[in-house]
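Engineer: Enclosed is the structure file work.csv (CSV, C-alpha atoms).
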chain,number,residue,atom,x,y,z
A,1,MET,CA,-93.6,92.2,-47.7
A,2,GLY,CA,-92.5,88.6,-46.8
A,3,ASN,CA,-94.0,86.4,-44.1
A,4,LYS,CA,-90.6,85.4,-42.7
A,5,LEU,CA,-90.3,86.1,-39.0
A,6,PRO,CA,-87.5,88.4,-37.8
A,7,PRO,CA,-84.8,87.0,-35.5
A,8,LEU,CA,-85.9,86.1,-32.0
A,9,THR,CA,-83.2,88.2,-30.5
A,10,ALA,CA,-84.5,91.3,-32.2
A,11,LEU,CA,-88.1,90.6,-31.0
A,12,ARG,CA,-86.7,90.1,-27.5
A,13,ALA,CA,-85.0,93.4,-27.6
A,14,PHE,CA,-88.2,95.1,-28.8
A,15,GLU,CA,-90.3,93.5,-26.1
A,16,ALA,CA,-88.0,94.6,-23.3
A,17,ALA,CA,-87.7,98.1,-24.7
A,18,ALA,CA,-91.5,98.4,-25.2
A,19,ARG,CA,-92.1,97.2,-21.6
A,20,HIS,CA,-89.6,99.5,-20.0
A,21,MET,CA,-90.1,102.4,-22.5
A,22,SER,CA,-86.3,102.7,-22.2
A,23,PHE,CA,-83.5,101.4,-24.3
A,24,ALA,CA,-81.1,101.7,-21.4
A,25,LYS,CA,-83.3,99.7,-18.9
A,26,ALA,CA,-84.0,97.1,-21.6
A,27,ALA,CA,-80.3,96.7,-22.3
A,28,GLU,CA,-79.6,96.3,-18.6
A,29,GLU,CA,-82.3,93.6,-18.3
A,30,LEU,CA,-80.9,91.6,-21.2
A,31,SER,CA,-77.3,92.1,-20.2
A,32,VAL,CA,-76.3,93.8,-23.5
A,33,THR,CA,-75.0,97.3,-24.2
A,34,PRO,CA,-77.5,100.0,-25.2
A,35,ALA,CA,-75.8,100.2,-28.6
A,36,ALA,CA,-76.3,96.5,-29.2
A,37,LEU,CA,-79.9,96.7,-28.2
A,38,SER,CA,-80.5,99.7,-30.4
A,39,PHE,CA,-78.9,97.8,-33.3
A,40,GLN,CA,-81.3,94.9,-32.7
A,41,ILE,CA,-84.3,97.2,-32.8
A,42,LYS,CA,-83.0,99.0,-35.9
A,43,SER,CA,-82.7,95.6,-37.7
A,44,LEU,CA,-86.3,94.8,-36.7
A,45,GLU,CA,-87.5,98.1,-38.1
A,46,GLU,CA,-85.6,97.4,-41.3
A,47,HIS,CA,-87.2,94.0,-41.5
A,48,LEU,CA,-90.6,95.6,-41.1
A,49,GLY,CA,-89.9,98.6,-43.2
A,50,ALA,CA,-91.3,101.0,-40.7
A,51,PRO,CA,-90.2,102.6,-37.4
A,52,LEU,CA,-91.4,101.0,-34.1
A,53,PHE,CA,-90.2,103.8,-31.8
A,54,ARG,CA,-90.1,107.5,-31.9
A,55,ARG,CA,-86.7,108.6,-30.5
A,56,LEU,CA,-87.3,111.6,-28.3
A,57,ASN,CA,-84.9,113.6,-26.1
A,58,ARG,CA,-84.0,111.1,-23.4
A,59,ALA,CA,-87.1,109.0,-24.0
A,60,VAL,CA,-88.8,106.8,-26.5
A,61,GLU,CA,-92.4,106.1,-27.4
A,62,LEU,CA,-94.1,103.5,-29.5
A,63,THR,CA,-95.3,104.3,-33.0
A,64,GLU,CA,-98.6,103.0,-34.2
A,65,ALA,CA,-96.7,100.0,-35.6
A,66,GLY,CA,-95.0,99.5,-32.3
A,67,GLU,CA,-98.3,99.6,-30.4
A,68,THR,CA,-99.7,97.0,-32.7
A,69,LEU,CA,-96.7,94.7,-32.4
A,70,ALA,CA,-96.1,95.0,-28.6
A,71,PRO,CA,-99.0,93.0,-27.2
A,72,GLY,CA,-98.6,90.0,-29.5
A,73,VAL,CA,-94.8,89.9,-28.8
A,74,THR,CA,-95.4,90.1,-25.1
A,75,ASP,CA,-98.0,87.3,-25.2
A,76,GLY,CA,-95.7,85.2,-27.4
A,77,PHE,CA,-92.7,85.4,-25.1
A,78,GLN,CA,-95.0,84.6,-22.1
A,79,THR,CA,-96.3,81.6,-24.0
A,80,LEU,CA,-92.8,80.4,-24.7
A,81,ALA,CA,-91.8,81.0,-21.0
A,82,ASN,CA,-94.8,79.0,-19.8
A,83,ALA,CA,-94.1,76.1,-22.3
A,84,TRP,CA,-90.5,76.0,-21.1
A,85,ARG,CA,-91.4,76.0,-17.4
A,86,GLY,CA,-93.9,73.2,-18.1
A,87,THR,CA,-91.3,71.2,-20.0
A,88,GLN,CA,-88.9,71.7,-17.1
A,89,ARG,CA,-91.5,70.4,-14.6
A,90,LEU,CA,-91.9,67.3,-16.6
A,91,GLN,CA,-88.3,66.4,-15.9
A,92,ASP,CA,-88.8,67.0,-12.2
A,93,ASP,CA,-90.4,64.0,-10.4
A,94,GLN,CA,-89.3,65.0,-6.9
A,95,SER,CA,-91.4,68.2,-6.2
A,96,LEU,CA,-95.1,69.0,-6.5
A,97,THR,CA,-96.7,72.4,-6.2
A,98,VAL,CA,-100.3,72.4,-5.1
A,99,THR,CA,-102.7,75.3,-4.9
A,100,ALA,CA,-105.9,75.1,-2.8
A,101,GLY,CA,-108.1,77.6,-1.1
A,102,PRO,CA,-107.0,78.8,2.4
A,103,ALA,CA,-109.8,77.0,4.2
A,104,PHE,CA,-109.2,73.6,2.5
A,105,THR,CA,-105.4,74.0,3.0
A,106,ALA,CA,-105.8,74.8,6.7
A,107,LYS,CA,-108.5,72.3,7.5
A,108,TRP,CA,-107.9,69.4,5.2
A,109,LEU,CA,-104.4,69.4,3.7
A,110,ALA,CA,-102.3,70.8,6.5
A,111,PRO,CA,-103.5,68.4,9.3
A,112,ARG,CA,-102.7,65.4,7.0
A,113,LEU,CA,-99.4,66.4,5.5
A,114,TYR,CA,-97.5,64.2,7.9
A,115,GLU,CA,-99.1,61.1,6.5
A,116,PHE,CA,-98.2,62.1,2.9
A,117,ALA,CA,-94.7,62.9,3.9
A,118,GLN,CA,-94.4,59.5,5.6
A,119,ALA,CA,-95.8,57.7,2.6
A,120,HIS,CA,-93.8,59.7,0.0
A,121,PRO,CA,-90.6,61.0,1.5
A,122,GLU,CA,-89.1,61.4,-2.0
A,123,ILE,CA,-91.6,64.1,-3.0
A,124,GLU,CA,-91.2,67.7,-1.9
A,125,LEU,CA,-94.6,69.4,-1.5
A,126,ARG,CA,-95.1,73.1,-2.0
A,127,PHE,CA,-98.4,74.8,-1.3
A,128,SER,CA,-100.0,78.0,-2.5
A,129,ALA,CA,-103.1,78.8,-0.5
A,130,ALA,CA,-105.1,81.1,-2.7
A,131,LEU,CA,-108.6,81.5,-4.2
A,132,ARG,CA,-107.5,83.5,-7.3
A,133,ILE,CA,-107.6,81.8,-10.7
A,134,MET,CA,-104.2,80.2,-11.2
A,135,ASP,CA,-102.4,79.7,-14.5
A,136,PHE,CA,-100.6,76.3,-14.4
A,137,GLY,CA,-97.9,77.4,-16.7
A,138,ARG,CA,-97.3,81.0,-15.5
A,139,ASP,CA,-97.6,80.2,-11.8
A,140,ALA,CA,-95.6,76.9,-12.0
A,141,ILE,CA,-98.6,74.9,-10.5
A,142,ASP,CA,-98.8,71.2,-10.8
A,143,VAL,CA,-102.2,70.5,-9.1
A,144,ALA,CA,-105.1,72.7,-8.1
A,145,ILE,CA,-107.9,71.7,-5.7
A,146,ARG,CA,-110.9,73.9,-6.2
A,147,PHE,CA,-114.5,74.0,-4.8
A,148,GLY,CA,-117.4,74.5,-7.2
A,149,LYS,CA,-119.6,72.9,-9.9
A,150,GLU,CA,-117.5,73.3,-13.0
A,151,GLY,CA,-114.3,71.8,-14.4
A,152,GLY,CA,-112.1,73.6,-17.0
A,153,ASP,CA,-111.1,73.3,-20.6
A,154,GLY,CA,-107.8,71.6,-21.3
A,155,LEU,CA,-107.7,70.2,-17.7
A,156,TYR,CA,-107.8,66.8,-16.2
A,157,CYS,CA,-110.7,67.1,-13.7
A,158,LEU,CA,-111.4,64.6,-11.0
A,159,PRO,CA,-114.4,65.4,-8.8
A,160,LEU,CA,-113.8,64.4,-5.2
A,161,ALA,CA,-116.4,63.5,-2.6
A,162,GLU,CA,-119.8,65.1,-2.7
A,163,GLU,CA,-120.0,68.1,-0.4
A,164,TRP,CA,-122.6,68.6,2.2
A,165,ILE,CA,-123.2,71.0,5.1
A,166,ALA,CA,-124.6,70.1,8.5
A,167,PRO,CA,-124.7,71.7,11.9
A,168,VAL,CA,-121.5,70.9,13.9
A,169,MET,CA,-120.7,71.9,17.4
A,170,THR,CA,-118.6,70.9,20.4
A,171,PRO,CA,-119.9,67.9,22.4
A,172,ALA,CA,-120.6,70.3,25.3
A,173,LEU,CA,-122.9,72.4,23.1
A,174,ALA,CA,-124.7,69.4,21.8
A,175,GLU,CA,-125.7,68.5,25.3
A,176,ARG,CA,-127.3,71.9,25.7
A,177,PHE,CA,-129.2,71.7,22.4
A,178,PRO,CA,-130.3,68.1,22.0
A,179,ASP,CA,-132.7,68.5,19.0
A,180,PRO,CA,-133.3,70.8,16.0
A,181,VAL,CA,-136.1,72.7,17.8
A,182,SER,CA,-133.8,73.6,20.7
A,183,LEU,CA,-131.1,74.7,18.1
A,184,MET,CA,-133.3,77.7,17.4
A,185,GLN,CA,-132.1,79.1,20.7
A,186,ALA,CA,-128.5,78.3,20.1
A,187,PRO,CA,-125.8,80.8,19.2
A,188,LEU,CA,-125.4,80.3,15.4
A,189,ILE,CA,-122.3,81.0,13.3
A,190,PHE,CA,-122.6,82.0,9.6
A,191,ASP,CA,-120.1,80.9,7.0
A,192,ASP,CA,-120.6,83.5,4.2
A,193,SER,CA,-118.1,81.8,1.9
A,194,ILE,CA,-120.8,79.5,0.4
A,195,ASP,CA,-123.4,82.3,-0.2
A,196,PHE,CA,-122.6,81.9,-4.0
A,197,LEU,CA,-124.2,78.4,-4.1
A,198,ARG,CA,-127.6,78.0,-5.8
A,199,PRO,CA,-130.0,76.9,-4.5
A,200,ARG,CA,-128.8,78.5,-1.3
A,201,CYS,CA,-127.4,76.2,1.4
A,202,ASP,CA,-127.9,78.2,4.6
A,203,TRP,CA,-129.5,78.0,8.0
A,204,LYS,CA,-133.0,78.7,6.6
A,205,ALA,CA,-132.6,75.9,4.1
A,206,TRP,CA,-131.4,73.4,6.7
A,207,PHE,CA,-134.2,74.2,9.2
A,208,ALA,CA,-136.7,73.9,6.3
A,209,ALA,CA,-135.4,70.4,5.6
A,210,LEU,CA,-136.4,69.5,9.2
A,211,GLY,CA,-139.9,71.1,8.7
A,212,ILE,CA,-139.0,74.2,10.8
A,213,ASP,CA,-139.8,77.6,9.5
A,214,PHE,CA,-136.9,79.6,10.9
A,215,ASP,CA,-134.7,82.1,9.1
A,216,PRO,CA,-131.9,83.2,11.5
A,217,THR,CA,-129.7,86.2,10.7
A,218,HIS,CA,-128.2,87.2,14.1
A,219,GLY,CA,-124.8,85.8,14.9
A,220,PRO,CA,-121.1,86.2,13.9
A,221,HIS,CA,-120.5,86.1,10.1
A,222,PHE,CA,-117.2,84.9,8.7
A,223,SER,CA,-116.0,85.4,5.1
A,224,GLN,CA,-113.5,82.5,5.5
A,225,ALA,CA,-114.9,79.0,6.2
A,226,ASP,CA,-111.9,78.0,8.3
A,227,HIS,CA,-112.4,80.9,10.6
A,228,ALA,CA,-116.0,79.9,11.1
A,229,MET,CA,-114.9,76.4,11.9
A,230,ASP,CA,-112.3,77.6,14.4
A,231,ALA,CA,-115.0,79.6,16.1
A,232,ALA,CA,-117.2,76.5,16.5
A,233,LEU,CA,-114.2,74.5,17.8
A,234,THR,CA,-113.8,77.0,20.6
A,235,GLY,CA,-117.5,76.6,21.6
A,236,VAL,CA,-118.6,80.0,20.4
A,237,GLY,CA,-121.6,78.5,18.6
A,238,VAL,CA,-122.9,76.1,16.0
A,239,VAL,CA,-121.9,76.4,12.4
A,240,LEU,CA,-123.1,74.7,9.2
A,241,GLY,CA,-119.9,72.8,8.6
A,242,ARG,CA,-118.7,71.8,5.1
A,243,ARG,CA,-117.8,68.1,4.8
A,244,ALA,CA,-114.2,68.5,3.8
A,245,LEU,CA,-113.5,71.1,6.5
A,246,VAL,CA,-115.1,69.3,9.4
A,247,VAL,CA,-114.7,65.5,8.9
A,248,LYS,CA,-111.4,65.2,10.7
A,249,ASP,CA,-112.6,67.2,13.7
A,250,ILE,CA,-115.7,65.0,13.8
A,251,ASP,CA,-113.7,61.8,13.4
A,252,GLU,CA,-111.5,62.8,16.3
A,253,GLY,CA,-114.3,63.9,18.6
A,254,ARG,CA,-113.7,67.6,18.7
A,255,LEU,CA,-117.0,68.3,16.9
A,256,VAL,CA,-120.2,66.4,16.5
A,257,THR,CA,-123.2,66.3,14.1
A,258,PRO,CA,-126.0,65.4,16.5
A,259,TYR,CA,-129.1,65.7,14.3
A,260,GLY,CA,-128.2,63.3,11.5
A,261,VAL,CA,-129.4,65.5,8.6
A,262,ALA,CA,-127.2,67.3,6.1
A,263,LEU,CA,-127.8,69.4,3.0
A,264,SER,CA,-126.2,68.6,-0.3
A,265,THR,CA,-124.4,71.6,-1.8
A,266,GLY,CA,-124.4,70.2,-5.3
A,267,ALA,CA,-120.7,71.1,-5.5
A,268,LYS,CA,-117.5,69.2,-5.0
A,269,PHE,CA,-113.9,69.9,-4.5
A,270,ARG,CA,-112.1,69.0,-7.8
A,271,PHE,CA,-108.6,67.7,-8.4
A,272,LEU,CA,-107.3,69.7,-11.4
A,273,CYS,CA,-104.1,69.4,-13.4
A,274,PRO,CA,-103.1,70.0,-17.0
A,275,GLU,CA,-104.5,67.3,-19.3
A,276,GLY,CA,-101.8,64.7,-19.9
A,277,SER,CA,-99.9,65.3,-16.6
A,278,GLU,CA,-102.3,63.3,-14.3
A,279,ASN,CA,-100.1,60.3,-14.5
A,280,ARG,CA,-96.8,62.0,-13.7
A,281,PRO,CA,-95.4,60.0,-10.7
A,282,GLN,CA,-95.8,62.7,-8.1
A,283,VAL,CA,-99.2,63.9,-9.4
A,284,LYS,CA,-100.5,60.3,-9.5
A,285,ALA,CA,-99.2,59.7,-6.0
A,286,PHE,CA,-100.8,62.8,-4.6
A,287,ARG,CA,-104.1,62.1,-6.3
A,288,GLU,CA,-104.2,58.5,-5.0
A,289,TRP,CA,-103.3,59.8,-1.5
A,290,VAL,CA,-106.1,62.4,-1.5
A,291,LEU,CA,-108.7,59.7,-2.5
A,292,GLU,CA,-107.4,57.4,0.3
A,293,GLU,CA,-107.7,60.1,2.9
A,294,ILE,CA,-111.3,60.9,1.7
A,295,ASN,CA,-112.2,57.3,2.1
A,296,LYS,CA,-111.0,57.2,5.7
A,297,THR,CA,-113.8,59.5,6.8
A,298,ALA,CA,-116.5,58.1,4.4
A,299,HIS,CA,-118.3,56.6,7.4
A,300,ILE,CA,-119.3,60.1,8.6
A,301,THR,CA,-121.2,60.7,5.4
A,302,GLU,CA,-122.7,57.3,5.5
A,303,ALA,CA,-124.2,58.0,8.9
A,304,LEU,CA,-126.0,61.1,7.7
A,305,GLN,CA,-129.3,61.5,5.7
A,306,ILE,CA,-128.3,63.9,2.9
A,307,VAL,CA,-131.2,65.9,1.4
A,308,GLU,CA,-131.3,68.5,-1.4
A,309,PRO,CA,-132.2,72.1,-0.6
A,310,GLY,CA,-135.9,72.4,-0.7
A,311,GLU,CA,-136.6,68.8,0.1
A,312,ALA,CA,-137.8,67.5,3.5
A,313,ALA,CA,-135.9,65.0,5.5
A,314,ALA,CA,-137.6,61.6,6.1
Just give me the structure as C-alpha cells.
Structural biologist:
Amino acid sequence: MGNKLPPLTALRAFEAAARHMSFAKAAEELSVTPAALSFQIKSLEEHLGAPLFRRLNRAVELTEAGETLAPGVTDGFQTLANAWRGTQRLQDDQSLTVTAGPAFTAKWLAPRLYEFAQAHPEIELRFSAALRIMDFGRDAIDVAIRFGKEGGDGLYCLPLAEEWIAPVMTPALAERFPDPVSLMQAPLIFDDSIDFLRPRCDWKAWFAALGIDFDPTHGPHFSQADHAMDAALTGVGVVLGRRALVVKDIDEGRLVTPYGVALSTGAKFRFLCPEGSENRPQVKAFREWVLEEINKTAHITEALQIVEPGEAAA
C-alpha cells in the first residue's frame, strides 16, 4: 500500500457524501452529477483498496474504513479553508473584523467609534459582540479583545490597562451617600459577570479594604456588566464599576467615584490577533487607536488608590 495521497477532488467528493450521507445531496452541493460524484468515490475506494460506503436501497452508510477516514478529511478541508480565508484577509487592508464581549462593545467601543472612523476613514470596521471562544481562521476574525488573566498560544497578546473596580453612582446619589459608612445604607447593584475572578472582587472585598465588615447580598443582580452599568446610570443604585466600562461616563460627569479607593481585579483586557498579523496596516492602526483612547482617561485611574483584594486602604 503506497503513501501517495489520492486526488483532492475524490477526497472532496467523499467528504461531502459522508457529511450528507447522500450521494445526491453531495453532488448538488459540489455542482456535479450524481454519476460523476459516484465515479470520484469509486476511484477513491480503488485507491484505498477497500469500500468506504455501503450502498443501501436509497441510502448509504459509512464502512469502518469510511468512519476512520471521514473526521480527518473533514478537519483537513476545514484547515485548508481557514488557511485560504486567512491568506485572503492578508490581501485586504481596508476592512477589519473585531470581536469583543457585549459589555466592552457597548460601553467602550461603540461610544468611541466616531473617533476611529474620523481618524481612519479608509478602514471598514465590523464587530462581533460575543463571549464565546472564536477561531480567527474559521470565524474570519482579525482582532479579539478579551477580559481575563491569560493570553493564548500562537497569538500576539497585548495586555491593555490594568482593570479595577470601584463604587460608581450618579452625582445625585453621591450627595446622599457621602462616605463609605453611609454607603452601607445605599441601594447596591451586583455585577455577577466578574464572579469568576479569584480572589473575589465584590462588595464584601471592597468594604473590607475600607476596614468595614459588611457583606451585602440584597439588591438587583445582573449577569451582563453593561446592564449593571446602565442601571447605575439611571440612578437605580451604586455598582462596582469596571474601569473600562465606566471611565467614559466618569470623564463626562454622568457617574462619579466619590470614595477614591478601587480594588485591583488582577485581570486586564487583552488585544489579541494571530501572531505575525499585528503589523498589518489596519490591525496596527486599530491597536494604536485603542491605546490612545485608554490614555485619554488615565487620569481617572491616577486619582484613585488601587488596592489588592484582602489589603487595607491607607
Engineer: Against region 163-175 of chain A, which residues of region 256-280 of chain A fall within 9 Å? For each one I want the closest pair of atoms and the distance in Å (one decimal), counting only C-alpha atoms, rows by chain and increasing residue number, as a Markdown table.
Structural biologist:
| residue | atom | partner | partner_atom | distance |
| --- | --- | --- | --- | --- |
| A:Val256 | CA | A:Val168 | CA | 5.4 |
| A:Thr257 | CA | A:Val168 | CA | 4.9 |
| A:Pro258 | CA | A:Ala174 | CA | 6.8 |
| A:Tyr259 | CA | A:Pro167 | CA | 7.8 |
| A:Gly260 | CA | A:Ala166 | CA | 8.3 |
| A:Val261 | CA | A:Ala166 | CA | 6.6 |
| A:Ala262 | CA | A:Ala166 | CA | 4.5 |
| A:Leu263 | CA | A:Ile165 | CA | 5.3 |
| A:Ser264 | CA | A:Trp164 | CA | 4.4 |
| A:Thr265 | CA | A:Trp164 | CA | 5.3 |
| A:Gly266 | CA | A:Glu163 | CA | 6.9 |
| A:Ala267 | CA | A:Glu163 | CA | 6.0 |
| A:Lys268 | CA | A:Glu163 | CA | 5.3 |
| A:Phe269 | CA | A:Glu163 | CA | 7.6 |
Engineer: May I ask which of the residues A:Ile189, A:Ala103, A:Leu155, A:Ala209 is the closest one to Leu131 (chain A), counting all atoms listed in the file?
Structural biologist: A:Ala103
Engineer: Go through A:Gly241, A:Gly49, A:Pro309, A:Pro34 one by one, measure the shortest atom-to-atom distance of each to Asp226 (chain A) using all atoms listed in the file, and give the residue with the smallest value.
Structural biologist: A:Gly241
Engineer: What is the CA of Tyr156 (chain A) to CA of Asn279 (chain A) distance in Å?
Structural biologist: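 Interatomic distance, CA of Tyr156 (chain A) to CA of Asn279 (chain A): 10.2 Å.
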Engineer: Which one is closest to Val238 (chain A): A:Phe196, A:Phe222, A:Phe147, A:Phe190? Count all atoms listed in the file.
Structural biologist: A:Phe190
Engineer: As an exercise, work out the distance from CA of Cys157 (chain A) to CA of Ser95 (chain A) in Å and give it to one decimal place.
Structural biologist: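 Between CA of Cys157 (chain A) and CA of Ser95 (chain A) the gap works out to 20.7 Å.
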Engineer: Between CA of Leu62 (chain A) and CA of Ser22 (chain A), what is the distance, to one decimal in Å?
Structural biologist: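 Separation of CA of Leu62 (chain A) and CA of Ser22 (chain A): 10.7 Å.
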Engineer: For each of A:Arg254, A:Pro111, A:Gly219, A:Pro178, take the minimum atom-to-atom distance to Thr234 (chain A), counting only C-alpha atoms, then give the residue where this is smallest.
Structural biologist: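 Of the candidates, the smallest distance to Thr234 (chain A) is held by A:Arg254.
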Engineer: Counting all atoms listed in the file, which of A:Ile300, A:Ala100, A:Val247, A:Ala106 gets nearest to Arg132 (chain A)?
Structural biologist: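 Distance minimum relative to Arg132 (chain A) lands on A:Ala100.
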Engineer: Would you mind telling me which residue in A:Ala119, A:Ala205, A:Ile194, A:Leu37 lies nearest to Ala228 (chain A) when using all atoms listed in the file?
Structural biologist: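 The closest residue to Ala228 (chain A) is A:Ile194.
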Engineer: Tell me which residues come within 8 Å of (-90.3, 102.9, -31.9), as a ChimeraX atom specification, counting only C-alpha atoms in the file's coordinates.
Structural biologist: /A:51-55,60-63,65-66
Engineer: Fewer than 3 positions away in the same chain doesn't count, so skip those; otherwise give me all residues within 12 Å of Gln78 (chain A), counting all atoms listed in the file, as number ranges by chain.
Structural biologist: A: 12, 15, 71-75, 81-85, 135, 137-139
Engineer: Got a sec to check which residues sit within 12 Å of (-104.0, 61.0, -13.2), counting only C-alpha atoms, and write them as a PyMOL selection string?
Structural biologist: chain A and resi 142-143+155-158+271-291
Engineer: Using only C-alpha atoms, which protein or nucleic acid residues come within 9 Å of Ala27 (chain A)? Drop anything in the same chain fewer than 2 positions from it, and give the result as a VMD selection string.
Structural biologist: chain A and resid 13 16 to 17 22 to 25 29 to 38
Engineer: All heavy atoms for region 220-228 of chain A, written as a PDB file, keeping the file's coordinate frame, could you do that?
Structural biologist:
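File produced: rebuild_10.pdb:
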ATOM      1  N   PRO A 220    -122.366  85.819  14.566  1.00  0.00           N
ATOM      2  CA  PRO A 220    -121.100  86.200  13.900  1.00  0.00           C
ATOM      3  C   PRO A 220    -121.078  85.649  12.458  1.00  0.00           C
ATOM      4  O   PRO A 220    -121.382  84.481  12.232  1.00  0.00           O
ATOM      5  CB  PRO A 220    -120.030  85.624  14.754  1.00  0.00           C
ATOM      6  CG  PRO A 220    -120.679  84.513  15.511  1.00  0.00           C
ATOM      7  CD  PRO A 220    -122.096  84.930  15.719  1.00  0.00           C
ATOM      8  N   HIS A 221    -120.686  86.495  11.517  1.00  0.00           N
ATOM      9  CA  HIS A 221    -120.500  86.100  10.100  1.00  0.00           C
ATOM     10  C   HIS A 221    -119.049  86.074   9.765  1.00  0.00           C
ATOM     11  O   HIS A 221    -118.299  87.000  10.098  1.00  0.00           O
ATOM     12  CB  HIS A 221    -121.249  87.090   9.198  1.00  0.00           C
ATOM     13  CG  HIS A 221    -122.731  86.981   9.230  1.00  0.00           C
ATOM     14  ND1 HIS A 221    -123.479  86.519   8.170  1.00  0.00           N
ATOM     15  CD2 HIS A 221    -123.636  87.278  10.213  1.00  0.00           C
ATOM     16  CE1 HIS A 221    -124.764  86.542   8.473  1.00  0.00           C
ATOM     17  NE2 HIS A 221    -124.888  87.002   9.716  1.00  0.00           N
ATOM     18  N   PHE A 222    -118.634  85.032   9.079  1.00  0.00           N
ATOM     19  CA  PHE A 222    -117.200  84.900   8.700  1.00  0.00           C
ATOM     20  C   PHE A 222    -117.156  84.761   7.156  1.00  0.00           C
ATOM     21  O   PHE A 222    -117.898  83.993   6.546  1.00  0.00           O
ATOM     22  CB  PHE A 222    -116.600  83.664   9.318  1.00  0.00           C
ATOM     23  CG  PHE A 222    -116.426  83.783  10.817  1.00  0.00           C
ATOM     24  CD1 PHE A 222    -117.440  83.384  11.679  1.00  0.00           C
ATOM     25  CD2 PHE A 222    -115.259  84.300  11.354  1.00  0.00           C
ATOM     26  CE1 PHE A 222    -117.294  83.492  13.045  1.00  0.00           C
ATOM     27  CE2 PHE A 222    -115.100  84.417  12.729  1.00  0.00           C
ATOM     28  CZ  PHE A 222    -116.112  84.015  13.581  1.00  0.00           C
ATOM     29  N   SER A 223    -116.221  85.487   6.555  1.00  0.00           N
ATOM     30  CA  SER A 223    -116.000  85.400   5.100  1.00  0.00           C
ATOM     31  C   SER A 223    -115.145  84.194   4.746  1.00  0.00           C
ATOM     32  O   SER A 223    -115.157  83.748   3.601  1.00  0.00           O
ATOM     33  CB  SER A 223    -115.390  86.672   4.565  1.00  0.00           C
ATOM     34  OG  SER A 223    -114.114  86.893   5.149  1.00  0.00           O
ATOM     35  N   GLN A 224    -114.378  83.699   5.713  1.00  0.00           N
ATOM     36  CA  GLN A 224    -113.500  82.500   5.500  1.00  0.00           C
ATOM     37  C   GLN A 224    -114.066  81.342   6.254  1.00  0.00           C
ATOM     38  O   GLN A 224    -114.296  81.424   7.466  1.00  0.00           O
ATOM     39  CB  GLN A 224    -112.077  82.826   5.967  1.00  0.00           C
ATOM     40  CG  GLN A 224    -111.378  83.925   5.187  1.00  0.00           C
ATOM     41  CD  GLN A 224    -110.835  83.434   3.853  1.00  0.00           C
ATOM     42  OE1 GLN A 224    -110.988  82.269   3.497  1.00  0.00           O
ATOM     43  NE2 GLN A 224    -110.221  84.317   3.107  1.00  0.00           N
ATOM     44  N   ALA A 225    -114.246  80.219   5.548  1.00  0.00           N
ATOM     45  CA  ALA A 225    -114.900  79.000   6.200  1.00  0.00           C
ATOM     46  C   ALA A 225    -114.040  78.511   7.335  1.00  0.00           C
ATOM     47  O   ALA A 225    -114.592  78.090   8.352  1.00  0.00           O
ATOM     48  CB  ALA A 225    -115.053  77.951   5.119  1.00  0.00           C
ATOM     49  N   ASP A 226    -112.703  78.518   7.211  1.00  0.00           N
ATOM     50  CA  ASP A 226    -111.900  78.000   8.300  1.00  0.00           C
ATOM     51  C   ASP A 226    -112.001  78.804   9.563  1.00  0.00           C
ATOM     52  O   ASP A 226    -111.926  78.266  10.676  1.00  0.00           O
ATOM     53  CB  ASP A 226    -110.424  77.814   7.866  1.00  0.00           C
ATOM     54  CG  ASP A 226    -109.827  79.085   7.308  1.00  0.00           C
ATOM     55  OD1 ASP A 226    -110.546  79.813   6.611  1.00  0.00           O
ATOM     56  OD2 ASP A 226    -108.632  79.335   7.541  1.00  0.00           O
ATOM     57  N   HIS A 227    -112.229  80.110   9.417  1.00  0.00           N
ATOM     58  CA  HIS A 227    -112.400  80.900  10.600  1.00  0.00           C
ATOM     59  C   HIS A 227    -113.733  80.597  11.294  1.00  0.00           C
ATOM     60  O   HIS A 227    -113.814  80.565  12.540  1.00  0.00           O
ATOM     61  CB  HIS A 227    -112.404  82.419  10.214  1.00  0.00           C
ATOM     62  CG  HIS A 227    -111.105  82.870   9.628  1.00  0.00           C
ATOM     63  ND1 HIS A 227    -110.944  84.085   8.999  1.00  0.00           N
ATOM     64  CD2 HIS A 227    -109.881  82.256   9.574  1.00  0.00           C
ATOM     65  CE1 HIS A 227    -109.693  84.207   8.579  1.00  0.00           C
ATOM     66  NE2 HIS A 227    -109.042  83.110   8.915  1.00  0.00           N
ATOM     67  N   ALA A 228    -114.770  80.333  10.503  1.00  0.00           N
ATOM     68  CA  ALA A 228    -116.000  79.900  11.100  1.00  0.00           C
ATOM     69  C   ALA A 228    -115.903  78.594  11.818  1.00  0.00           C
ATOM     70  O   ALA A 228    -116.454  78.404  12.912  1.00  0.00           O
ATOM     71  CB  ALA A 228    -117.110  79.823   9.981  1.00  0.00           C
TER      72      ALA A 228
END
